[in-house]
Amino acid sequence: MKDNFFQRVYEVVRQVPHGRVTTYGLIANSLGTRGSARMVGWAMNACHGEDDIPAHRVINRQGLLTGKHHFGQINLMQQLLESEGIEVIDDQVQNLEKLLWDPSKELDMRV
DNA sequence: TATGTGACATCAA
DNA sequence: CTTGATGCCACAT
């Protein structure tokens, strides 16, 4: 099982640098499925069955912690981000463009 | 088999 | 500027 699609998403998320964040659209874009950012979120929904998936580093285009509700505890996601040195205010990541990590750009996923 | 849903993104009005 | 509607692909029922 584990379609390559999901594994790809997990792998990218795992490779997100510490203290850095990425967005669903960016991941979806790097996967080659631009616009299907939902699949990234959907994959994350299944990330509970995976091991170490820093889903808290994955946020939406607005830098909003949309998926915080799925961490089991709403404050948890913000706590984790702040713990990494990321400034989060009102469930929103500050300096998003500075912390934003583009896998298709920073990561050479030629294959 | 078909329908609905989903942690989003983008376009149009 | 804001709000609404559509698309995307995979999974669940």
# chains A, B, ... in the order shown; residues from 1 in each chain; ligands from 1
$ residues_around --residues "DA5 of chain C" --least-positions-apart "4" --cutoff "12 Å" --atoms "only C-alpha atoms (C1' of nucleotides)" --output "number ranges by chain"
B: 10-13
$ interface_residues --of "chain A" --to "chain B" --cutoff "9 Å" --atoms "only C-alpha atoms (C1' of nucleotides)" --output "count of residues only"
24
$ select_by_dssp --residues "chain A" --states "strand (DSSP E)" --output "PDB file with N, CA, C and O atoms, in the first residue's frame"
ATOM      1  N   THR A  22       6.511  24.896   5.424  1.00  0.00           N
ATOM      2  CA  THR A  22       6.163  24.746   4.014  1.00  0.00           C
ATOM      3  C   THR A  22       4.641  24.748   3.860  1.00  0.00           C
ATOM      4  O   THR A  22       3.922  24.659   4.831  1.00  0.00           O
ATOM      5  N   THR A  23       4.188  24.843   2.654  1.00  0.00           N
ATOM      6  CA  THR A  23       2.752  24.916   2.437  1.00  0.00           C
ATOM      7  C   THR A  23       2.259  23.734   1.601  1.00  0.00           C
ATOM      8  O   THR A  23       3.031  23.107   0.884  1.00  0.00           O
ATOM      9  N   VAL A  58       3.780  22.036   8.269  1.00  0.00           N
ATOM     10  CA  VAL A  58       3.019  22.170   7.030  1.00  0.00           C
ATOM     11  C   VAL A  58       1.789  23.028   7.296  1.00  0.00           C
ATOM     12  O   VAL A  58       0.927  22.678   8.104  1.00  0.00           O
ATOM     13  N   ILE A  59       1.713  24.133   6.616  1.00  0.00           N
ATOM     14  CA  ILE A  59       0.604  25.056   6.827  1.00  0.00           C
ATOM     15  C   ILE A  59       0.037  25.480   5.481  1.00  0.00           C
ATOM     16  O   ILE A  59       0.543  25.089   4.441  1.00  0.00           O
ATOM     17  N   VAL A  88       4.932  32.591  15.993  1.00  0.00           N
ATOM     18  CA  VAL A  88       3.546  32.334  15.621  1.00  0.00           C
ATOM     19  C   VAL A  88       2.629  33.204  16.470  1.00  0.00           C
ATOM     20  O   VAL A  88       2.668  33.163  17.689  1.00  0.00           O
ATOM     21  N   ILE A  89       1.819  33.969  15.796  1.00  0.00           N
ATOM     22  CA  ILE A  89       0.891  34.836  16.515  1.00  0.00           C
ATOM     23  C   ILE A  89      -0.527  34.610  16.008  1.00  0.00           C
ATOM     24  O   ILE A  89      -0.781  34.678  14.812  1.00  0.00           O
ATOM     25  N   GLN A  92      -0.968  32.195  13.374  1.00  0.00           N
ATOM     26  CA  GLN A  92      -0.421  32.596  12.081  1.00  0.00           C
ATOM     27  C   GLN A  92       1.097  32.726  12.180  1.00  0.00           C
ATOM     28  O   GLN A  92       1.623  33.344  13.087  1.00  0.00           O
ATOM     29  N   VAL A  93       1.789  32.135  11.218  1.00  0.00           N
ATOM     30  CA  VAL A  93       3.247  32.162  11.228  1.00  0.00           C
ATOM     31  C   VAL A  93       3.754  33.522  10.741  1.00  0.00           C
ATOM     32  O   VAL A  93       3.338  34.008   9.701  1.00  0.00           O
TER      33      VAL A  93
END
$ interface_residues --of "chain C" --to "chain A" --cutoff "10 Å" --atoms "only C-alpha atoms (C1' of nucleotides)" --output "PDB file with all heavy atoms, in the first residue's frame"
ATOM      1  P    DG C   7     -14.982  22.983 -12.332  1.00  0.00           P
ATOM      2  OP1  DG C   7     -14.955  22.843 -13.802  1.00  0.00           O
ATOM      3  OP2  DG C   7     -15.906  22.137 -11.536  1.00  0.00           O
ATOM      4  O5'  DG C   7     -13.493  22.762 -11.799  1.00  0.00           O
ATOM      5  C5'  DG C   7     -12.454  23.658 -12.227  1.00  0.00           C
ATOM      6  C4'  DG C   7     -11.083  23.140 -11.796  1.00  0.00           C
ATOM      7  O4'  DG C   7     -10.856  23.456 -10.418  1.00  0.00           O
ATOM      8  C3'  DG C   7     -10.952  21.613 -11.924  1.00  0.00           C
ATOM      9  O3'  DG C   7      -9.663  21.275 -12.401  1.00  0.00           O
ATOM     10  C2'  DG C   7     -11.165  21.117 -10.514  1.00  0.00           C
ATOM     11  C1'  DG C   7     -10.637  22.267  -9.669  1.00  0.00           C
ATOM     12  N9   DG C   7     -11.318  22.411  -8.372  1.00  0.00           N
ATOM     13  C8   DG C   7     -12.649  22.275  -8.105  1.00  0.00           C
ATOM     14  N7   DG C   7     -12.961  22.457  -6.850  1.00  0.00           N
ATOM     15  C5   DG C   7     -11.748  22.739  -6.243  1.00  0.00           C
ATOM     16  C6   DG C   7     -11.444  23.027  -4.888  1.00  0.00           C
ATOM     17  O6   DG C   7     -12.220  23.098  -3.925  1.00  0.00           O
ATOM     18  N1   DG C   7     -10.091  23.256  -4.703  1.00  0.00           N
ATOM     19  C2   DG C   7      -9.150  23.201  -5.686  1.00  0.00           C
ATOM     20  N2   DG C   7      -7.895  23.439  -5.321  1.00  0.00           N
ATOM     21  N3   DG C   7      -9.417  22.937  -6.968  1.00  0.00           N
ATOM     22  C4   DG C   7     -10.733  22.715  -7.167  1.00  0.00           C
ATOM     23  P    DC C   8      -9.365  19.780 -12.903  1.00  0.00           P
ATOM     24  OP1  DC C   8      -9.166  19.770 -14.350  1.00  0.00           O
ATOM     25  OP2  DC C   8     -10.423  18.915 -12.315  1.00  0.00           O
ATOM     26  O5'  DC C   8      -7.987  19.440 -12.200  1.00  0.00           O
ATOM     27  C5'  DC C   8      -7.503  20.220 -11.155  1.00  0.00           C
ATOM     28  C4'  DC C   8      -6.816  19.380 -10.072  1.00  0.00           C
ATOM     29  O4'  DC C   8      -7.312  19.769  -8.798  1.00  0.00           O
ATOM     30  C3'  DC C   8      -7.074  17.870 -10.181  1.00  0.00           C
ATOM     31  O3'  DC C   8      -5.911  17.208 -10.679  1.00  0.00           O
ATOM     32  C2'  DC C   8      -7.286  17.422  -8.747  1.00  0.00           C
ATOM     33  C1'  DC C   8      -7.623  18.672  -7.976  1.00  0.00           C
ATOM     34  N1   DC C   8      -9.037  18.759  -7.580  1.00  0.00           N
ATOM     35  C2   DC C   8      -9.354  19.264  -6.334  1.00  0.00           C
ATOM     36  O2   DC C   8      -8.456  19.630  -5.600  1.00  0.00           O
ATOM     37  N3   DC C   8     -10.653  19.356  -5.971  1.00  0.00           N
ATOM     38  C4   DC C   8     -11.620  18.962  -6.801  1.00  0.00           C
ATOM     39  N4   DC C   8     -12.875  19.076  -6.417  1.00  0.00           N
ATOM     40  C5   DC C   8     -11.307  18.426  -8.092  1.00  0.00           C
ATOM     41  C6   DC C   8     -10.021  18.343  -8.441  1.00  0.00           C
ATOM     42  P    DC C   9      -6.121  15.778 -11.338  1.00  0.00           P
ATOM     43  OP1  DC C   9      -4.992  15.561 -12.252  1.00  0.00           O
ATOM     44  OP2  DC C   9      -7.503  15.649 -11.835  1.00  0.00           O
ATOM     45  O5'  DC C   9      -5.960  14.794 -10.091  1.00  0.00           O
ATOM     46  C5'  DC C   9      -4.759  14.795  -9.342  1.00  0.00           C
ATOM     47  C4'  DC C   9      -4.949  13.995  -8.065  1.00  0.00           C
ATOM     48  O4'  DC C   9      -5.965  14.587  -7.256  1.00  0.00           O
ATOM     49  C3'  DC C   9      -5.366  12.555  -8.317  1.00  0.00           C
ATOM     50  O3'  DC C   9      -4.410  11.693  -7.728  1.00  0.00           O
ATOM     51  C2'  DC C   9      -6.723  12.419  -7.673  1.00  0.00           C
ATOM     52  C1'  DC C   9      -6.809  13.584  -6.718  1.00  0.00           C
ATOM     53  N1   DC C   9      -8.158  14.160  -6.541  1.00  0.00           N
ATOM     54  C2   DC C   9      -8.645  14.337  -5.240  1.00  0.00           C
ATOM     55  O2   DC C   9      -7.957  13.986  -4.290  1.00  0.00           O
ATOM     56  N3   DC C   9      -9.855  14.900  -5.070  1.00  0.00           N
ATOM     57  C4   DC C   9     -10.578  15.274  -6.121  1.00  0.00           C
ATOM     58  N4   DC C   9     -11.769  15.833  -5.908  1.00  0.00           N
ATOM     59  C5   DC C   9     -10.108  15.091  -7.458  1.00  0.00           C
ATOM     60  C6   DC C   9      -8.894  14.530  -7.612  1.00  0.00           C
ATOM     61  P    DA C  10      -4.630  10.077  -7.864  1.00  0.00           P
ATOM     62  OP1  DA C  10      -3.310   9.456  -8.036  1.00  0.00           O
ATOM     63  OP2  DA C  10      -5.722   9.790  -8.812  1.00  0.00           O
ATOM     64  O5'  DA C  10      -5.148   9.732  -6.386  1.00  0.00           O
ATOM     65  C5'  DA C  10      -4.373  10.155  -5.276  1.00  0.00           C
ATOM     66  C4'  DA C  10      -5.106   9.881  -3.967  1.00  0.00           C
ATOM     67  O4'  DA C  10      -6.240  10.763  -3.836  1.00  0.00           O
ATOM     68  C3'  DA C  10      -5.634   8.446  -3.877  1.00  0.00           C
ATOM     69  O3'  DA C  10      -5.257   7.879  -2.633  1.00  0.00           O
ATOM     70  C2'  DA C  10      -7.142   8.602  -3.988  1.00  0.00           C
ATOM     71  C1'  DA C  10      -7.394  10.013  -3.464  1.00  0.00           C
ATOM     72  N9   DA C  10      -8.579  10.650  -4.052  1.00  0.00           N
ATOM     73  C8   DA C  10      -8.891  10.791  -5.375  1.00  0.00           C
ATOM     74  N7   DA C  10     -10.027  11.413  -5.614  1.00  0.00           N
ATOM     75  C5   DA C  10     -10.495  11.707  -4.345  1.00  0.00           C
ATOM     76  C6   DA C  10     -11.658  12.362  -3.895  1.00  0.00           C
ATOM     77  N6   DA C  10     -12.584  12.863  -4.706  1.00  0.00           N
ATOM     78  N1   DA C  10     -11.816  12.492  -2.563  1.00  0.00           N
ATOM     79  C2   DA C  10     -10.897  11.996  -1.739  1.00  0.00           C
ATOM     80  N3   DA C  10      -9.772  11.357  -2.055  1.00  0.00           N
ATOM     81  C4   DA C  10      -9.616  11.248  -3.382  1.00  0.00           C
ATOM     82  P    DC C  11      -5.575   6.402  -2.286  1.00  0.00           P
ATOM     83  OP1  DC C  11      -4.430   5.821  -1.580  1.00  0.00           O
ATOM     84  OP2  DC C  11      -6.128   5.752  -3.491  1.00  0.00           O
ATOM     85  O5'  DC C  11      -6.739   6.652  -1.228  1.00  0.00           O
ATOM     86  C5'  DC C  11      -6.494   7.484  -0.101  1.00  0.00           C
ATOM     87  C4'  DC C  11      -7.743   7.646   0.760  1.00  0.00           C
ATOM     88  O4'  DC C  11      -8.736   8.426   0.073  1.00  0.00           O
ATOM     89  C3'  DC C  11      -8.412   6.327   1.138  1.00  0.00           C
ATOM     90  O3'  DC C  11      -8.736   6.343   2.508  1.00  0.00           O
ATOM     91  C2'  DC C  11      -9.659   6.286   0.275  1.00  0.00           C
ATOM     92  C1'  DC C  11      -9.979   7.748   0.062  1.00  0.00           C
ATOM     93  N1   DC C  11     -10.654   8.038  -1.205  1.00  0.00           N
ATOM     94  C2   DC C  11     -11.872   8.724  -1.172  1.00  0.00           C
ATOM     95  O2   DC C  11     -12.343   9.068  -0.078  1.00  0.00           O
ATOM     96  N3   DC C  11     -12.504   9.002  -2.338  1.00  0.00           N
ATOM     97  C4   DC C  11     -11.971   8.634  -3.493  1.00  0.00           C
ATOM     98  N4   DC C  11     -12.622   8.947  -4.611  1.00  0.00           N
ATOM     99  C5   DC C  11     -10.743   7.923  -3.554  1.00  0.00           C
ATOM    100  C6   DC C  11     -10.116   7.646  -2.391  1.00  0.00           C
TER     101       DC C  11
END
$ atom_distance --atom1 "atom CA of Gly19 of chain A" --atom2 "atom CA of Asp52 of chain A"
15.6 Å
$ atom_distance --atom1 "atom CA of Arg57 of chain A" --atom2 "atom CA of Val21 of chain A"
4.6 Å
$ atom_distance --atom1 "atom CA of Gln73 of chain A" --atom2 "atom CA of Pro54 of chain A"
14.5 Å
$ select_by_dssp --residues "segment 36-89 of chain A" --states "alpha helix (DSSP H)" --output "compact mmCIF listing (two decimals) with all heavy atoms, in the first residue's frame"
# COMPACT_ATOMS: atom_id res chain seq x y z
N ALA A 37 -3.54 20.53 -3.83
CA ALA A 37 -3.02 20.71 -2.48
C ALA A 37 -3.86 19.91 -1.49
O ALA A 37 -3.40 19.53 -0.41
CB ALA A 37 -3.05 22.19 -2.11
N ARG A 38 -5.08 19.65 -1.84
CA ARG A 38 -5.95 18.88 -0.95
C ARG A 38 -5.37 17.51 -0.68
O ARG A 38 -5.49 16.97 0.41
CB ARG A 38 -7.32 18.71 -1.58
CG ARG A 38 -8.00 20.03 -1.80
CD ARG A 38 -9.37 19.79 -2.39
NE ARG A 38 -10.11 21.01 -2.40
CZ ARG A 38 -11.42 21.03 -2.55
NH1 ARG A 38 -12.05 19.92 -2.76
NH2 ARG A 38 -12.05 22.13 -2.52
N MET A 39 -4.75 16.96 -1.67
CA MET A 39 -4.18 15.63 -1.51
C MET A 39 -3.08 15.66 -0.46
O MET A 39 -2.90 14.73 0.30
CB MET A 39 -3.62 15.14 -2.82
CG MET A 39 -4.63 15.15 -3.93
SD MET A 39 -6.07 14.14 -3.65
CE MET A 39 -6.98 15.08 -2.47
N VAL A 40 -2.34 16.74 -0.44
CA VAL A 40 -1.29 16.87 0.56
C VAL A 40 -1.93 16.86 1.94
O VAL A 40 -1.49 16.15 2.84
CB VAL A 40 -0.51 18.18 0.36
CG1 VAL A 40 0.59 18.32 1.40
CG2 VAL A 40 0.09 18.21 -1.04
N GLY A 41 -2.96 17.63 2.09
CA GLY A 41 -3.66 17.67 3.38
C GLY A 41 -4.27 16.30 3.68
O GLY A 41 -4.24 15.83 4.81
N TRP A 42 -4.76 15.68 2.66
CA TRP A 42 -5.36 14.36 2.85
C TRP A 42 -4.28 13.36 3.29
O TRP A 42 -4.49 12.54 4.16
CB TRP A 42 -6.01 13.91 1.54
CG TRP A 42 -6.89 12.73 1.77
CD1 TRP A 42 -6.63 11.44 1.44
CD2 TRP A 42 -8.15 12.73 2.42
NE1 TRP A 42 -7.66 10.63 1.84
CE2 TRP A 42 -8.61 11.40 2.45
CE3 TRP A 42 -8.96 13.72 3.00
CZ2 TRP A 42 -9.83 11.04 3.02
CZ3 TRP A 42 -10.18 13.35 3.57
CH2 TRP A 42 -10.60 12.03 3.57
N ALA A 43 -3.15 13.47 2.67
CA ALA A 43 -2.03 12.59 3.03
C ALA A 43 -1.65 12.85 4.49
O ALA A 43 -1.37 11.92 5.25
CB ALA A 43 -0.85 12.88 2.12
N MET A 44 -1.65 14.07 4.85
CA MET A 44 -1.32 14.42 6.23
C MET A 44 -2.34 13.83 7.18
O MET A 44 -2.04 13.43 8.28
CB MET A 44 -1.32 15.94 6.37
CG MET A 44 -0.25 16.58 5.52
SD MET A 44 1.26 16.79 6.41
CE MET A 44 1.96 15.18 6.14
N ASN A 45 -3.56 13.76 6.71
CA ASN A 45 -4.62 13.20 7.54
C ASN A 45 -4.28 11.75 7.87
O ASN A 45 -4.60 11.25 8.94
CB ASN A 45 -5.95 13.28 6.79
CG ASN A 45 -7.09 12.96 7.73
OD1 ASN A 45 -6.89 12.72 8.90
ND2 ASN A 45 -8.29 12.96 7.22
N ILE A 74 -5.07 21.93 20.01
CA ILE A 74 -4.94 23.13 19.17
C ILE A 74 -3.65 23.89 19.46
O ILE A 74 -2.96 24.33 18.56
CB ILE A 74 -6.15 24.04 19.40
CG1 ILE A 74 -7.41 23.27 19.01
CG2 ILE A 74 -6.03 25.29 18.57
CD1 ILE A 74 -8.66 24.06 19.27
N ASN A 75 -3.32 24.04 20.69
CA ASN A 75 -2.14 24.83 21.05
C ASN A 75 -0.84 24.12 20.70
O ASN A 75 0.20 24.73 20.60
CB ASN A 75 -2.16 25.11 22.55
CG ASN A 75 -3.37 25.96 22.89
OD1 ASN A 75 -4.07 26.40 22.00
ND2 ASN A 75 -3.62 26.17 24.15
N LEU A 76 -0.96 22.82 20.55
CA LEU A 76 0.23 22.01 20.30
C LEU A 76 1.00 22.47 19.07
O LEU A 76 2.20 22.66 19.11
CB LEU A 76 -0.20 20.55 20.14
CG LEU A 76 0.99 19.62 19.94
CD1 LEU A 76 1.91 19.69 21.14
CD2 LEU A 76 0.50 18.20 19.74
N MET A 77 0.29 22.68 17.99
CA MET A 77 0.95 23.06 16.74
C MET A 77 1.73 24.36 16.91
O MET A 77 2.88 24.46 16.52
CB MET A 77 -0.11 23.23 15.66
CG MET A 77 0.50 23.39 14.29
SD MET A 77 -0.72 23.33 12.98
CE MET A 77 0.36 23.31 11.55
N GLN A 78 1.11 25.33 17.49
CA GLN A 78 1.78 26.61 17.69
C GLN A 78 2.97 26.45 18.62
O GLN A 78 4.04 27.00 18.40
CB GLN A 78 0.79 27.61 18.26
CG GLN A 78 1.43 28.98 18.43
CD GLN A 78 0.41 30.03 18.78
OE1 GLN A 78 -0.75 29.86 18.51
NE2 GLN A 78 0.85 31.10 19.38
N GLN A 79 2.78 25.64 19.63
CA GLN A 79 3.86 25.40 20.58
C GLN A 79 5.07 24.79 19.87
O GLN A 79 6.21 25.17 20.10
CB GLN A 79 3.37 24.44 21.67
CG GLN A 79 2.29 25.07 22.54
CD GLN A 79 2.87 26.16 23.42
OE1 GLN A 79 3.81 25.93 24.13
NE2 GLN A 79 2.31 27.35 23.36
N LEU A 80 4.80 23.84 19.02
CA LEU A 80 5.88 23.17 18.29
C LEU A 80 6.62 24.16 17.40
O LEU A 80 7.84 24.19 17.36
CB LEU A 80 5.29 22.04 17.46
CG LEU A 80 4.78 20.87 18.31
CD1 LEU A 80 4.01 19.90 17.44
CD2 LEU A 80 5.94 20.17 18.99
N LEU A 81 5.88 24.97 16.70
CA LEU A 81 6.51 25.95 15.81
C LEU A 81 7.33 26.95 16.60
O LEU A 81 8.47 27.24 16.26
CB LEU A 81 5.41 26.66 15.01
CG LEU A 81 4.71 25.72 14.02
CD1 LEU A 81 3.51 26.42 13.40
CD2 LEU A 81 5.68 25.30 12.94
N GLU A 82 6.76 27.42 17.66
CA GLU A 82 7.50 28.38 18.49
C GLU A 82 8.74 27.71 19.09
O GLU A 82 9.77 28.33 19.28
CB GLU A 82 6.59 28.88 19.61
CG GLU A 82 5.48 29.77 19.06
CD GLU A 82 4.60 30.28 20.18
OE1 GLU A 82 4.49 29.60 21.21
OE2 GLU A 82 4.04 31.37 20.02
N SER A 83 8.59 26.44 19.37
CA SER A 83 9.70 25.69 19.94
C SER A 83 10.87 25.62 18.96
O SER A 83 12.01 25.45 19.34
CB SER A 83 9.22 24.28 20.30
OG SER A 83 10.29 23.56 20.87
$ decode --residues "segment 97-108 of chain A" --atoms "N, CA and C atoms" --output "mmCIF file, in the first residue's frame"
data_model
loop_
_atom_site.group_PDB
_atom_site.id
_atom_site.type_symbol
_atom_site.label_atom_id
_atom_site.label_comp_id
_atom_site.auth_asym_id
_atom_site.auth_seq_id
_atom_site.Cartn_x
_atom_site.Cartn_y
_atom_site.Cartn_z
ATOM 1 N N GLU A 97 7.379 34.292 4.557
ATOM 2 C CA GLU A 97 8.218 34.206 3.351
ATOM 3 C C GLU A 97 9.658 33.889 3.693
ATOM 4 N N LYS A 98 10.063 34.309 4.874
ATOM 5 C CA LYS A 98 11.445 34.037 5.276
ATOM 6 C C LYS A 98 11.602 32.584 5.736
ATOM 7 N N LEU A 99 10.573 32.079 6.376
ATOM 8 C CA LEU A 99 10.638 30.710 6.885
ATOM 9 C C LEU A 99 10.137 29.708 5.857
ATOM 10 N N LEU A 100 9.471 30.209 4.851
ATOM 11 C CA LEU A 100 8.895 29.308 3.868
ATOM 12 C C LEU A 100 9.980 28.487 3.176
ATOM 13 N N TRP A 101 9.696 27.228 3.094
ATOM 14 C CA TRP A 101 10.654 26.292 2.503
ATOM 15 C C TRP A 101 10.032 25.615 1.286
ATOM 16 N N ASP A 102 10.543 25.899 0.144
ATOM 17 C CA ASP A 102 9.977 25.347 -1.079
ATOM 18 C C ASP A 102 10.726 24.088 -1.490
ATOM 19 N N PRO A 103 10.111 22.935 -1.340
ATOM 20 C CA PRO A 103 10.745 21.646 -1.661
ATOM 21 C C PRO A 103 11.168 21.577 -3.120
ATOM 22 N N SER A 104 10.312 22.009 -3.998
ATOM 23 C CA SER A 104 10.642 21.927 -5.427
ATOM 24 C C SER A 104 11.795 22.867 -5.764
ATOM 25 N N LYS A 105 12.086 23.754 -4.836
ATOM 26 C CA LYS A 105 13.132 24.732 -5.098
ATOM 27 C C LYS A 105 14.397 24.418 -4.298
ATOM 28 N N GLU A 106 14.187 24.139 -3.042
ATOM 29 C CA GLU A 106 15.331 23.830 -2.181
ATOM 30 C C GLU A 106 15.739 22.378 -2.316
ATOM 31 N N LEU A 107 14.789 21.572 -2.719
ATOM 32 C CA LEU A 107 15.047 20.151 -2.816
ATOM 33 C C LEU A 107 15.119 19.721 -4.274
ATOM 34 N N ASP A 108 16.199 19.051 -4.627
ATOM 35 C CA ASP A 108 16.357 18.624 -6.010
ATOM 36 C C ASP A 108 15.680 17.284 -6.223
#
